[in-house]
Amino acid sequence: MSSITLQALSKSYGGTVTVDRLDLDMREAEFLAFLGPSGCGKSTTLRMIAGLAMPDSGRILFGERDVTRLPPYRRNAGLVFQGYALFPNMTVAGNVAFGLQMRRTGKAETEERVRRALELVRMAHLADRLPRQLSGGQQQRVALARAIVYSPDALLLDEPLSALDAKLRAEVRSELRRLQQDLALTTVFVTHDQDEAISVADRIAVMSAGRIEQVGRPEEIYAAPASLFVAEFLGMSNFLPGASDGPGRFRLASGQVLGFGRTGARARGATLAVRPENIRLSRGAPAEAPGDCQAVDAVVEEVLYRGSLVEYRLDLGGTRLTVHRQNGDHDRPEAFARGETVTAAWRARSAILL
Amino acid sequence: MRPFPRLADRSFPLAMGTLAIAAFALLVLPLATVAWVSFFEGKIISFPPSGYTLDWYRAAWEMPRFRDGLQTSLRVGLVATAVSLATGVPAALFLARTRFPGRAAIQSVLLGPLIVPGIVAGVALYMFMIETEIATGLQTAQTFGGLCLGHSLIALPWTVRLVTAQLVGMDRQAEEAAAVMGARPLTVFWRVTLPAIRPGLVAGGLFSFVISFVDLEKSLFLVGPGTTTLPIAIINYLEWSVDPTIAAVATAQIAVISAVMIVTDRFFKLTRAF
Ligand SMILES: Nc1ncnc2c1ncn2[C@@H]1O[C@H](COP(=O)(O)OP(=O)(O)OP(=O)(O)O)[C@@H](O)[C@H]1O
Ligand SMILES: [Mg+2]
């Protein structure tokens with residue numbers, strides 16, 4: 001195990017910048033998710049960490065060790081691809097033993113460690129099978145065992161769950177998390193699925209066009225996105241267009257001025273973001289309004305029943321405003337009908353200028 | 001409710017089946033006829049035969065020209081196979097994995113022997129060998145080495161083709177995974193690449209052998225005293241006499257090829273290579 005440091009890492013393909021002066025510091029045993037849209041350079045970054053792609057400039061450190069110019073077989077990393085890439089001609093045990101054989105581990109120790117790795121992923125009973133005789137989830141677990149059996153300094157996972165169905169994905173995801181914590185593996189996890197990133201990672205690095213837009217704990221990024229891009233990418237938000245109107249004041253197109261509590265680190269200042277679950281609806285002025293209450297009037301356009309919540313879609317002078325109201329039998333808030341004019345209210349501190 | 005089968009749905013497989021059987025018969029009948037004739041009793045081939053005998057096989061075996069021919073053909077076939085694999089695999093790797101100017105041209109040149117008529121290639125090879133002999137004093141035409149060289153050349157395209165097909169279809173990520181797990185390039189090749197392209201390798205080797213074993217046109221120009229191959233021996237014999245001996249030799253030749261195919265297929269399903 002070691003920490004991982006990326007310093008001003010850059011890579012271009014045929015004149016197109018794929019990764020652009022990327023900096024990142026990972027603690028030992030940290031689980032970090034690279035989250036970003038397709039083509040933003042997540043896999044390229046991961047491949048550079050693994051040694052499968054050479055950076056044009058910048059440095060990669062595993063702990064104190066500079067691995068930037070080392071070939072992949074000298075880095076001691078573990079890698080799981082989306083397609084698993086198991087060796088079709090070797091058994092499950094053979095696949096898992098490969099990394100140990102490359103390290104000239106003794107026969108008895110190899111057997112023991114292969115057995116333990118397979119037990120960790122609950123595949124010991126299928127050790128003699130060939131990969132083609134396994135289901136997708138089983139292959140995934142073998143690929144994982146194969147990557148961790150030799151205690152890599154860095155565990156690199158490139159969308160390892162995306163080939164699994166939703167239920168299995170959630171299951172393997174929590175298993176992966178448990179394993180990562182038990183073995184204290186420094187792990188980089190590439191995904192474009194925000195739920196996956198939020199539920200599994202210690203920290204998330206949101207990527208866009210070869211750069212890290214924001215890095216932080218999931219709740220930090222969710223509550224305080226640094227830019228419009230991050231807010232759009234992670235979770236759902238309402239974006240109210242307008243312009244800054246002095247400190248802590250934002251003027252909507254309608255002329256109404258609203259307060260806000262936070263400004264994103266990379267804010268452009270033309271959008272106010274409010275999460276749907278932070279908005280309360282009422283007829284007339286809200287009953288128990290906190291001190292920093294911000295209220296607008298809007299027309300209910302659609303009411304969607306979503307099981308655990310009801311989604312209201314409102315029209316606020318041409319801008320769509322989405323409100324989520326939790327369903328539960330503890331308190332029964334008022335229901336609103338289509339066409340009704342209602343008051344939507346939120347606290348200034350949950351509004352972010354982006 | 002089950003949909004009612006349309007007429008076309010049923011007649012299509014029937015038509016395909018008939019065609020397949022016809023094509024198969026067309027392929028097998030000449031071979032079967034040769035095999036049948038090889039057992040005819042009379043020296044003059046006539047239908048129906050007056051009786052059956054195995055004498056022609058013994059007769060053929062006792063003729064040194066056929067025995068030596070078979071031996072030469074087997075030896076040349078094995079050498080050509082070895083050379084074709086040893087040079088064809090690196091060539092395929094290079095062609096499939098690197099991009100460089102002139103790559104397409106090299107690819108076409110490598111596949112040339114598949115397209116150029118055998119006689120033309122034979123003449124060209126012969127002239128080339130004579131010219132080099134004049135220039136360097138090194139004799140290659142009508143030697144065993146020259147014969148092997150010619151056969152290797154006609155076998156090579158098969159190996160390149162079949163191995164390239166496997167390389168193009170293979171999962172490169174398995175190689176990358178191996179490298180990350182600590183395998184050096186040569187180890188990656190032995191433990192991951194080679195097993196993955198094995199179908200192409202086996203099929204390439206098999207085709208190399210068979211192509212060499214049955215080659216007539218190029219060998220015509222390359223054989224010399226003591227290096228007569230089996231097909232040349234057959235042609236020479238046919239010039240003077242047509243009797244069931246020749247059918248026996250041909251049947252033996254077919255048997256050798258079939259045996260090679262069957263043995264290969266036993267260890268390795270050939271259909272996987274295509
Ligand atoms: N070997 C390569 N040669 C040329 N271009 C490449 C290569 N690898 C990646 N690219 C380009 O770099 C860009 C980023 O690719 P990358 O695979 O890193 O994206 P990604 O974030 O992993 O996307 P996805 O979520 O779709 O996997 C893409 O535009 C891609 O076309
Ligand atoms: Mg990717």
# chains A, B, ... in the order shown; residues from 1 in each chain; ligands from 1
>>> interface_residues(of="chain B", to="chain A", cutoff="8 Å", atoms="only C-alpha atoms", output="PyMOL selection string")
chain B and resi 171+173-174+176-184+192+195-196
>>> write_last_selection(atoms="all heavy atoms", output="tab-separated table (two decimals), in the first residue's frame")
chain	number	residue	atom	x	y	z
B	171	ASP	N	-8.21	-10.31	-27.54
B	171	ASP	CA	-8.44	-9.31	-26.50
B	171	ASP	C	-7.10	-8.74	-26.03
B	171	ASP	O	-6.37	-9.40	-25.31
B	171	ASP	CB	-9.18	-10.01	-25.35
B	171	ASP	CG	-9.41	-9.08	-24.18
B	171	ASP	OD1	-9.22	-7.86	-24.35
B	171	ASP	OD2	-9.80	-9.58	-23.11
B	173	GLN	N	-6.58	-6.49	-23.96
B	173	GLN	CA	-6.58	-6.15	-22.55
B	173	GLN	C	-6.00	-7.27	-21.70
B	173	GLN	O	-5.45	-7.00	-20.64
B	173	GLN	CB	-8.00	-5.80	-22.09
B	173	GLN	CG	-8.44	-4.46	-22.64
B	173	GLN	CD	-9.62	-3.89	-21.89
B	173	GLN	OE1	-10.39	-4.63	-21.29
B	173	GLN	NE2	-9.75	-2.59	-21.93
B	174	ALA	N	-6.13	-8.52	-22.17
B	174	ALA	CA	-5.54	-9.61	-21.41
B	174	ALA	C	-4.02	-9.43	-21.35
B	174	ALA	O	-3.40	-9.67	-20.32
B	174	ALA	CB	-5.90	-10.95	-22.05
B	176	GLU	N	-2.46	-6.54	-21.55
B	176	GLU	CA	-2.20	-5.40	-20.67
B	176	GLU	C	-2.34	-5.82	-19.21
B	176	GLU	O	-1.53	-5.42	-18.35
B	176	GLU	CB	-3.16	-4.26	-20.99
B	176	GLU	CG	-2.92	-3.68	-22.37
B	176	GLU	CD	-3.76	-2.45	-22.65
B	176	GLU	OE1	-4.86	-2.30	-22.08
B	176	GLU	OE2	-3.31	-1.64	-23.46
B	177	ALA	N	-3.36	-6.62	-18.93
B	177	ALA	CA	-3.55	-7.09	-17.55
B	177	ALA	C	-2.31	-7.87	-17.11
B	177	ALA	O	-1.82	-7.68	-15.99
B	177	ALA	CB	-4.79	-7.97	-17.47
B	178	ALA	N	-1.80	-8.71	-17.98
B	178	ALA	CA	-0.62	-9.51	-17.64
B	178	ALA	C	0.57	-8.60	-17.34
B	178	ALA	O	1.30	-8.82	-16.37
B	178	ALA	CB	-0.29	-10.47	-18.77
B	179	ALA	N	0.75	-7.57	-18.15
B	179	ALA	CA	1.88	-6.65	-17.95
B	179	ALA	C	1.76	-5.95	-16.60
B	179	ALA	O	2.73	-5.85	-15.86
B	179	ALA	CB	1.93	-5.63	-19.08
B	180	VAL	N	0.54	-5.51	-16.28
B	180	VAL	CA	0.35	-4.82	-15.00
B	180	VAL	C	0.61	-5.79	-13.84
B	180	VAL	O	1.12	-5.40	-12.80
B	180	VAL	CB	-1.07	-4.22	-14.91
B	180	VAL	CG1	-1.33	-3.66	-13.53
B	180	VAL	CG2	-1.23	-3.12	-15.95
B	181	MET	N	0.28	-7.07	-14.05
B	181	MET	CA	0.51	-8.05	-12.98
B	181	MET	C	1.98	-8.42	-12.84
B	181	MET	O	2.33	-9.22	-11.98
B	181	MET	CB	-0.30	-9.31	-13.25
B	181	MET	CG	-1.75	-9.15	-12.86
B	181	MET	SD	-2.64	-10.69	-12.97
B	181	MET	CE	-3.15	-10.65	-14.64
B	182	GLY	N	2.82	-7.87	-13.72
B	182	GLY	CA	4.25	-8.08	-13.54
B	182	GLY	C	4.93	-8.88	-14.63
B	182	GLY	O	6.09	-9.24	-14.49
B	183	ALA	N	4.22	-9.17	-15.72
B	183	ALA	CA	4.83	-9.98	-16.78
B	183	ALA	C	5.60	-9.09	-17.75
B	183	ALA	O	5.07	-8.10	-18.25
B	183	ALA	CB	3.75	-10.75	-17.53
B	184	ARG	N	6.85	-9.48	-18.03
B	184	ARG	CA	7.65	-8.76	-19.03
B	184	ARG	C	7.12	-9.11	-20.42
B	184	ARG	O	6.44	-10.11	-20.59
B	184	ARG	CB	9.11	-9.20	-18.92
B	184	ARG	CG	9.78	-8.64	-17.72
B	184	ARG	CD	10.95	-9.50	-17.29
B	184	ARG	NE	11.51	-8.91	-16.10
B	184	ARG	CZ	12.31	-7.84	-16.12
B	184	ARG	NH1	12.68	-7.32	-17.28
B	184	ARG	NH2	12.75	-7.33	-15.01
B	192	VAL	N	0.31	-15.36	-22.75
B	192	VAL	CA	-1.01	-14.80	-23.08
B	192	VAL	C	-1.25	-14.75	-24.60
B	192	VAL	O	-2.23	-15.28	-25.09
B	192	VAL	CB	-1.17	-13.38	-22.48
B	192	VAL	CG1	-2.56	-12.84	-22.79
B	192	VAL	CG2	-0.92	-13.42	-20.99
B	195	PRO	N	-1.03	-18.51	-26.50
B	195	PRO	CA	-2.23	-19.34	-26.33
B	195	PRO	C	-3.45	-18.77	-27.06
B	195	PRO	O	-4.27	-19.52	-27.57
B	195	PRO	CB	-2.47	-19.33	-24.81
B	195	PRO	CG	-1.14	-19.04	-24.22
B	195	PRO	CD	-0.43	-18.14	-25.20
B	196	ALA	N	-3.52	-17.44	-27.13
B	196	ALA	CA	-4.69	-16.84	-27.77
B	196	ALA	C	-4.68	-17.03	-29.28
B	196	ALA	O	-5.73	-17.12	-29.91
B	196	ALA	CB	-4.77	-15.36	-27.42
>>> residues_near_ligand(ligand="ligand 2", cutoff="12 Å", atoms="only C-alpha atoms and all ligand atoms", output="list of chain:residue names")
A:Thr18, A:Phe34, A:Leu35, A:Gly36, A:Pro37, A:Ser38, A:Gly39, A:Cys40, A:Gly41, A:Lys42, A:Ser43, A:Thr44, A:Thr45, A:Leu46, A:Arg47, A:Phe81, A:Gln82, A:Gly83, A:Leu157, A:Asp158, A:Glu159, A:Pro160, A:Ser162, A:Phe189, A:Val190, A:Thr191, A:His192, A:Asp193, A:Met207
>>> write_last_selection(atoms="N, CA and C atoms", output="JSON list (two decimals), in the first residue's frame")
[["chain", "number", "residue", "atom", "x", "y", "z"],
["A", 18, "THR", "N", -6.06, 15.15, -23.89],
["A", 18, "THR", "CA", -6.98, 14.21, -23.24],
["A", 18, "THR", "C", -6.93, 14.38, -21.73],
["A", 34, "PHE", "N", -12.95, 8.40, -9.73],
["A", 34, "PHE", "CA", -12.92, 9.36, -10.82],
["A", 34, "PHE", "C", -14.29, 9.34, -11.46],
["A", 35, "LEU", "N", -14.97, 10.47, -11.40],
["A", 35, "LEU", "CA", -16.32, 10.51, -11.95],
["A", 35, "LEU", "C", -16.35, 11.56, -13.05],
["A", 36, "GLY", "N", -16.94, 11.21, -14.18],
["A", 36, "GLY", "CA", -17.00, 12.18, -15.26],
["A", 36, "GLY", "C", -17.69, 11.61, -16.47],
["A", 37, "PRO", "N", -18.08, 12.48, -17.39],
["A", 37, "PRO", "CA", -18.78, 12.00, -18.57],
["A", 37, "PRO", "C", -17.85, 11.23, -19.50],
["A", 38, "SER", "N", -18.43, 10.54, -20.46],
["A", 38, "SER", "CA", -17.66, 9.74, -21.40],
["A", 38, "SER", "C", -16.67, 10.62, -22.16],
["A", 39, "GLY", "N", -15.43, 10.12, -22.26],
["A", 39, "GLY", "CA", -14.43, 10.83, -23.05],
["A", 39, "GLY", "C", -13.70, 11.93, -22.30],
["A", 40, "CYS", "N", -13.90, 12.06, -20.99],
["A", 40, "CYS", "CA", -13.26, 13.16, -20.26],
["A", 40, "CYS", "C", -11.84, 12.81, -19.84],
["A", 41, "GLY", "N", -11.41, 11.56, -20.08],
["A", 41, "GLY", "CA", -10.02, 11.21, -19.80],
["A", 41, "GLY", "C", -9.81, 10.37, -18.55],
["A", 42, "LYS", "N", -10.88, 9.78, -18.03],
["A", 42, "LYS", "CA", -10.76, 8.95, -16.82],
["A", 42, "LYS", "C", -9.88, 7.73, -17.09],
["A", 43, "SER", "N", -10.23, 6.99, -18.14],
["A", 43, "SER", "CA", -9.46, 5.77, -18.42],
["A", 43, "SER", "C", -8.03, 6.10, -18.76],
["A", 44, "THR", "N", -7.83, 7.18, -19.50],
["A", 44, "THR", "CA", -6.46, 7.57, -19.87],
["A", 44, "THR", "C", -5.64, 7.84, -18.62],
["A", 45, "THR", "N", -6.22, 8.54, -17.65],
["A", 45, "THR", "CA", -5.51, 8.81, -16.40],
["A", 45, "THR", "C", -5.16, 7.50, -15.70],
["A", 46, "LEU", "N", -6.14, 6.61, -15.64],
["A", 46, "LEU", "CA", -5.92, 5.32, -14.97],
["A", 46, "LEU", "C", -4.82, 4.52, -15.67],
["A", 47, "ARG", "N", -4.85, 4.55, -17.01],
["A", 47, "ARG", "CA", -3.84, 3.81, -17.78],
["A", 47, "ARG", "C", -2.45, 4.40, -17.55],
["A", 81, "PHE", "N", -10.25, -4.41, -15.49],
["A", 81, "PHE", "CA", -10.91, -3.76, -16.62],
["A", 81, "PHE", "C", -12.40, -4.01, -16.58],
["A", 82, "GLN", "N", -13.10, -3.17, -17.31],
["A", 82, "GLN", "CA", -14.53, -3.35, -17.48],
["A", 82, "GLN", "C", -14.86, -4.74, -18.05],
["A", 83, "GLY", "N", -14.04, -5.20, -19.00],
["A", 83, "GLY", "CA", -14.30, -6.50, -19.63],
["A", 83, "GLY", "C", -13.60, -7.65, -18.92],
["A", 157, "LEU", "N", -9.32, 0.40, -10.86],
["A", 157, "LEU", "CA", -10.53, -0.25, -11.35],
["A", 157, "LEU", "C", -11.19, 0.63, -12.41],
["A", 158, "ASP", "N", -11.28, 0.12, -13.63],
["A", 158, "ASP", "CA", -11.88, 0.90, -14.71],
["A", 158, "ASP", "C", -13.30, 0.40, -14.98],
["A", 159, "GLU", "N", -14.27, 1.07, -14.45],
["A", 159, "GLU", "CA", -15.68, 0.70, -14.58],
["A", 159, "GLU", "C", -15.88, -0.81, -14.41],
["A", 160, "PRO", "N", -15.46, -1.34, -13.27],
["A", 160, "PRO", "CA", -15.47, -2.79, -13.12],
["A", 160, "PRO", "C", -16.87, -3.36, -12.95],
["A", 162, "SER", "N", -19.72, -2.11, -14.55],
["A", 162, "SER", "CA", -20.71, -1.66, -15.54],
["A", 162, "SER", "C", -21.27, -2.80, -16.39],
["A", 189, "PHE", "N", -11.01, 4.26, -8.60],
["A", 189, "PHE", "CA", -12.19, 3.63, -9.17],
["A", 189, "PHE", "C", -12.76, 4.57, -10.23],
["A", 190, "VAL", "N", -12.76, 4.12, -11.47],
["A", 190, "VAL", "CA", -13.27, 4.98, -12.55],
["A", 190, "VAL", "C", -14.72, 4.63, -12.84],
["A", 191, "THR", "N", -15.58, 5.64, -12.92],
["A", 191, "THR", "CA", -16.98, 5.36, -13.20],
["A", 191, "THR", "C", -17.63, 6.60, -13.80],
["A", 192, "HIS", "N", -18.73, 6.39, -14.52],
["A", 192, "HIS", "CA", -19.50, 7.56, -14.90],
["A", 192, "HIS", "C", -20.88, 7.51, -14.24],
["A", 193, "ASP", "N", -20.97, 6.62, -13.23],
["A", 193, "ASP", "CA", -22.23, 6.44, -12.51],
["A", 193, "ASP", "C", -22.11, 7.15, -11.16],
["A", 207, "MET", "N", -14.33, 14.83, -13.01],
["A", 207, "MET", "CA", -13.48, 15.22, -14.14],
["A", 207, "MET", "C", -14.29, 15.78, -15.29]]
>>> residues_around(residues="Gly118 in chain B", least_positions_apart="4", cutoff="8 Å", atoms="only C-alpha atoms", output="ChimeraX atom specification")
/B:113,122,217-218
>>> write_last_selection(atoms="N, CA and C atoms", output="short mmCIF file (atom, residue, chain, number, x, y, z; two decimals), in the first residue's frame")
data_model
loop_
_atom_site.label_atom_id
_atom_site.label_comp_id
_atom_site.auth_asym_id
_atom_site.auth_seq_id
_atom_site.Cartn_x
_atom_site.Cartn_y
_atom_site.Cartn_z
N PRO B 113 1.77 -14.74 -53.19
CA PRO B 113 1.80 -16.14 -53.63
C PRO B 113 0.43 -16.80 -53.69
N GLY B 122 6.77 -20.15 -60.08
CA GLY B 122 7.81 -21.16 -60.24
C GLY B 122 8.91 -20.67 -61.17
N GLU B 217 3.28 -27.09 -59.40
CA GLU B 217 3.77 -26.12 -60.38
C GLU B 217 5.14 -25.55 -60.03
N LYS B 218 5.31 -25.13 -58.76
CA LYS B 218 6.59 -24.51 -58.41
C LYS B 218 7.67 -25.58 -58.33
#
>>> residues_around(residues="Ile257 in chain B", least_positions_apart="3", cutoff="12 Å", atoms="only C-alpha atoms", output="VMD selection string")
chain B and resid 73 to 74 77 206 to 214 250 to 254 260 to 264
>>> write_last_selection(atoms="C-alpha atoms", output="PDB file, in the first residue's frame")
ATOM      1  CA  SER B  73       7.699 -34.555 -49.926  1.00  0.00           C
ATOM      2  CA  LEU B  74       7.374 -35.290 -46.204  1.00  0.00           C
ATOM      3  CA  GLY B  77       6.701 -30.311 -46.047  1.00  0.00           C
ATOM      4  CA  LEU B 206      -1.357 -27.500 -41.186  1.00  0.00           C
ATOM      5  CA  PHE B 207      -1.986 -25.464 -44.312  1.00  0.00           C
ATOM      6  CA  SER B 208       1.707 -24.874 -44.788  1.00  0.00           C
ATOM      7  CA  PHE B 209       2.323 -28.594 -44.734  1.00  0.00           C
ATOM      8  CA  VAL B 210      -0.556 -29.485 -47.041  1.00  0.00           C
ATOM      9  CA  ILE B 211       0.221 -26.713 -49.542  1.00  0.00           C
ATOM     10  CA  SER B 212       3.813 -27.887 -49.722  1.00  0.00           C
ATOM     11  CA  PHE B 213       2.845 -31.541 -49.855  1.00  0.00           C
ATOM     12  CA  VAL B 214       0.599 -31.162 -52.906  1.00  0.00           C
ATOM     13  CA  ALA B 250      -2.847 -40.681 -55.228  1.00  0.00           C
ATOM     14  CA  THR B 251      -4.977 -42.443 -52.640  1.00  0.00           C
ATOM     15  CA  ALA B 252      -1.958 -42.738 -50.356  1.00  0.00           C
ATOM     16  CA  GLN B 253      -1.318 -39.042 -50.817  1.00  0.00           C
ATOM     17  CA  ILE B 254      -4.913 -38.223 -49.891  1.00  0.00           C
ATOM     18  CA  VAL B 260      -2.616 -34.863 -40.794  1.00  0.00           C
ATOM     19  CA  MET B 261      -5.997 -33.113 -40.722  1.00  0.00           C
ATOM     20  CA  ILE B 262      -7.628 -35.640 -38.428  1.00  0.00           C
ATOM     21  CA  VAL B 263      -4.736 -35.719 -35.979  1.00  0.00           C
ATOM     22  CA  THR B 264      -4.620 -31.930 -35.860  1.00  0.00           C
TER      23      THR B 264
END
>>> closest_residue(among="A:Leu304, A:Ile352, A:Val299, A:Leu126", to="Phe260 in chain A", atoms="only C-alpha atoms")
A:Ile352
>>> closest_residue(among="A:Lys167, A:Ala209, A:Ala287, A:Leu183", to="ligand 1", atoms="only C-alpha atoms and all ligand atoms")
A:Ala209
>>> residues_around(residues="range 219-233 of chain B", least_positions_apart="3", cutoff="6 Å", atoms="only C-alpha atoms", output="list in words")
Gly69, Leu70, Thr72, Ser73, Gly122, Ala141, Gln142, Leu147, Leu216 and Asn236 of chain B
>>> residues_around(residues="Ile45 in chain B", least_positions_apart="3", cutoff="7 Å", atoms="only C-alpha atoms", output="list in words")
Gly42, Asp243 and Pro244 of chain B
>>> write_last_selection(atoms="all heavy atoms", output="short mmCIF file (atom, residue, chain, number, x, y, z; two decimals), in the first residue's frame")
data_model
loop_
_atom_site.label_atom_id
_atom_site.label_comp_id
_atom_site.auth_asym_id
_atom_site.auth_seq_id
_atom_site.Cartn_x
_atom_site.Cartn_y
_atom_site.Cartn_z
N GLY B 42 -7.43 -55.21 -63.08
CA GLY B 42 -6.79 -55.15 -64.40
C GLY B 42 -5.84 -53.98 -64.54
O GLY B 42 -5.99 -52.94 -63.90
N ASP B 243 -2.08 -46.58 -65.12
CA ASP B 243 -2.64 -47.82 -64.57
C ASP B 243 -3.00 -47.56 -63.11
O ASP B 243 -2.72 -46.49 -62.58
CB ASP B 243 -1.67 -48.98 -64.74
CG ASP B 243 -0.36 -48.76 -64.00
OD1 ASP B 243 -0.39 -48.16 -62.90
OD2 ASP B 243 0.69 -49.15 -64.53
N PRO B 244 -3.62 -48.52 -62.46
CA PRO B 244 -4.08 -48.28 -61.09
C PRO B 244 -2.95 -47.94 -60.12
O PRO B 244 -3.21 -47.49 -59.01
CB PRO B 244 -4.77 -49.58 -60.71
CG PRO B 244 -5.26 -50.12 -62.01
CD PRO B 244 -4.19 -49.79 -63.00
#
>>> select_by_dssp(residues="range 157-218 of chain A", states="alpha helix (DSSP H)", output="ChimeraX atom specification")
/A:166-183,194-200,218
>>> write_last_selection(atoms="C-alpha atoms", output="tab-separated table (two decimals), in the first residue's frame")
chain	number	residue	atom	x	y	z
A	166	ALA	CA	-28.29	-3.40	-11.31
A	167	LYS	CA	-28.86	-5.77	-8.38
A	168	LEU	CA	-25.54	-7.56	-8.72
A	169	ARG	CA	-23.81	-4.23	-9.16
A	170	ALA	CA	-25.00	-2.98	-5.79
A	171	GLU	CA	-23.96	-6.25	-4.18
A	172	VAL	CA	-20.47	-6.39	-5.69
A	173	ARG	CA	-20.05	-2.71	-4.96
A	174	SER	CA	-20.46	-3.13	-1.21
A	175	GLU	CA	-18.29	-6.25	-1.31
A	176	LEU	CA	-15.62	-4.26	-3.07
A	177	ARG	CA	-15.84	-1.57	-0.44
A	178	ARG	CA	-15.51	-4.07	2.39
A	179	LEU	CA	-12.53	-5.73	0.75
A	180	GLN	CA	-10.84	-2.40	0.12
A	181	GLN	CA	-11.21	-1.44	3.76
A	182	ASP	CA	-10.15	-4.83	5.15
A	183	LEU	CA	-7.00	-4.89	3.04
A	194	GLN	CA	-22.69	9.05	-9.78
A	195	ASP	CA	-24.60	6.72	-7.44
A	196	GLU	CA	-21.75	4.27	-7.59
A	197	ALA	CA	-19.21	6.99	-6.83
A	198	ILE	CA	-21.24	8.48	-3.98
A	199	SER	CA	-21.97	5.21	-2.25
A	200	VAL	CA	-18.52	3.67	-2.42
A	218	PRO	CA	-19.21	12.83	-1.57
>>> residues_around(residues="range 240-244 of chain A", least_positions_apart="6", cutoff="6 Å", atoms="only C-alpha atoms", output="list in words")
Phe250, Arg251, Leu252, Ala253, Ala270, Thr271 and Leu272 of chain A
>>> select_by_dssp(residues="range 113-256 of chain A", states="strand (DSSP E)", output="NGL selection string")
:A and (154-158 or 187-191 or 203-208 or 211-216 or 238-244 or 249-252)
>>> closest_residue(among="A:Arg65, A:Arg266, A:Phe239, A:Thr341", to="Arg320 in chain A", atoms="only C-alpha atoms")
A:Phe239
>>> closest_residue(among="A:Val17, A:Leu130, A:Ala295, A:Val188", to="ligand 1", atoms="only C-alpha atoms and all ligand atoms")
A:Val17
>>> decode(residues="range 65-79 of chain A", atoms="N, CA and C atoms", output="mmCIF file, in the first residue's frame")
data_model
loop_
_atom_site.group_PDB
_atom_site.id
_atom_site.type_symbol
_atom_site.label_atom_id
_atom_site.label_comp_id
_atom_site.auth_asym_id
_atom_site.auth_seq_id
_atom_site.Cartn_x
_atom_site.Cartn_y
_atom_site.Cartn_z
ATOM 1 N N ARG A 65 8.127 6.768 -4.330
ATOM 2 C CA ARG A 65 8.716 6.159 -5.520
ATOM 3 C C ARG A 65 8.169 6.820 -6.786
ATOM 4 N N ASP A 66 9.057 7.367 -7.604
ATOM 5 C CA ASP A 66 8.646 7.971 -8.866
ATOM 6 C C ASP A 66 8.506 6.858 -9.906
ATOM 7 N N VAL A 67 7.284 6.591 -10.344
ATOM 8 C CA VAL A 67 7.063 5.488 -11.284
ATOM 9 C C VAL A 67 6.765 6.001 -12.692
ATOM 10 N N THR A 68 6.873 7.315 -12.890
ATOM 11 C CA THR A 68 6.450 7.917 -14.157
ATOM 12 C C THR A 68 6.984 7.178 -15.377
ATOM 13 N N ARG A 69 8.267 6.824 -15.358
ATOM 14 C CA ARG A 69 8.864 6.222 -16.548
ATOM 15 C C ARG A 69 9.016 4.706 -16.434
ATOM 16 N N LEU A 70 8.446 4.111 -15.390
ATOM 17 C CA LEU A 70 8.570 2.665 -15.221
ATOM 18 C C LEU A 70 7.570 1.936 -16.115
ATOM 19 N N PRO A 71 7.983 0.795 -16.690
ATOM 20 C CA PRO A 71 7.014 -0.016 -17.440
ATOM 21 C C PRO A 71 5.997 -0.624 -16.471
ATOM 22 N N PRO A 72 4.845 -1.036 -16.964
ATOM 23 C CA PRO A 72 3.785 -1.539 -16.067
ATOM 24 C C PRO A 72 4.247 -2.670 -15.152
ATOM 25 N N TYR A 73 5.128 -3.553 -15.675
ATOM 26 C CA TYR A 73 5.490 -4.722 -14.871
ATOM 27 C C TYR A 73 6.432 -4.400 -13.721
ATOM 28 N N ARG A 74 6.861 -3.138 -13.613
ATOM 29 C CA ARG A 74 7.722 -2.768 -12.487
ATOM 30 C C ARG A 74 6.983 -1.914 -11.469
ATOM 31 N N ARG A 75 5.670 -1.696 -11.661
ATOM 32 C CA ARG A 75 4.996 -0.705 -10.809
ATOM 33 C C ARG A 75 4.311 -1.304 -9.598
ATOM 34 N N ASN A 76 4.001 -2.594 -9.673
ATOM 35 C CA ASN A 76 3.251 -3.255 -8.614
ATOM 36 C C ASN A 76 1.873 -2.626 -8.401
ATOM 37 N N ALA A 77 1.131 -2.537 -9.489
ATOM 38 C CA ALA A 77 -0.251 -2.076 -9.417
ATOM 39 C C ALA A 77 -1.168 -3.259 -9.713
ATOM 40 N N GLY A 78 -2.424 -3.140 -9.309
ATOM 41 C CA GLY A 78 -3.429 -4.147 -9.654
ATOM 42 C C GLY A 78 -4.486 -3.467 -10.492
ATOM 43 N N LEU A 79 -4.971 -4.155 -11.537
ATOM 44 C CA LEU A 79 -5.874 -3.496 -12.469
ATOM 45 C C LEU A 79 -7.052 -4.406 -12.807
#
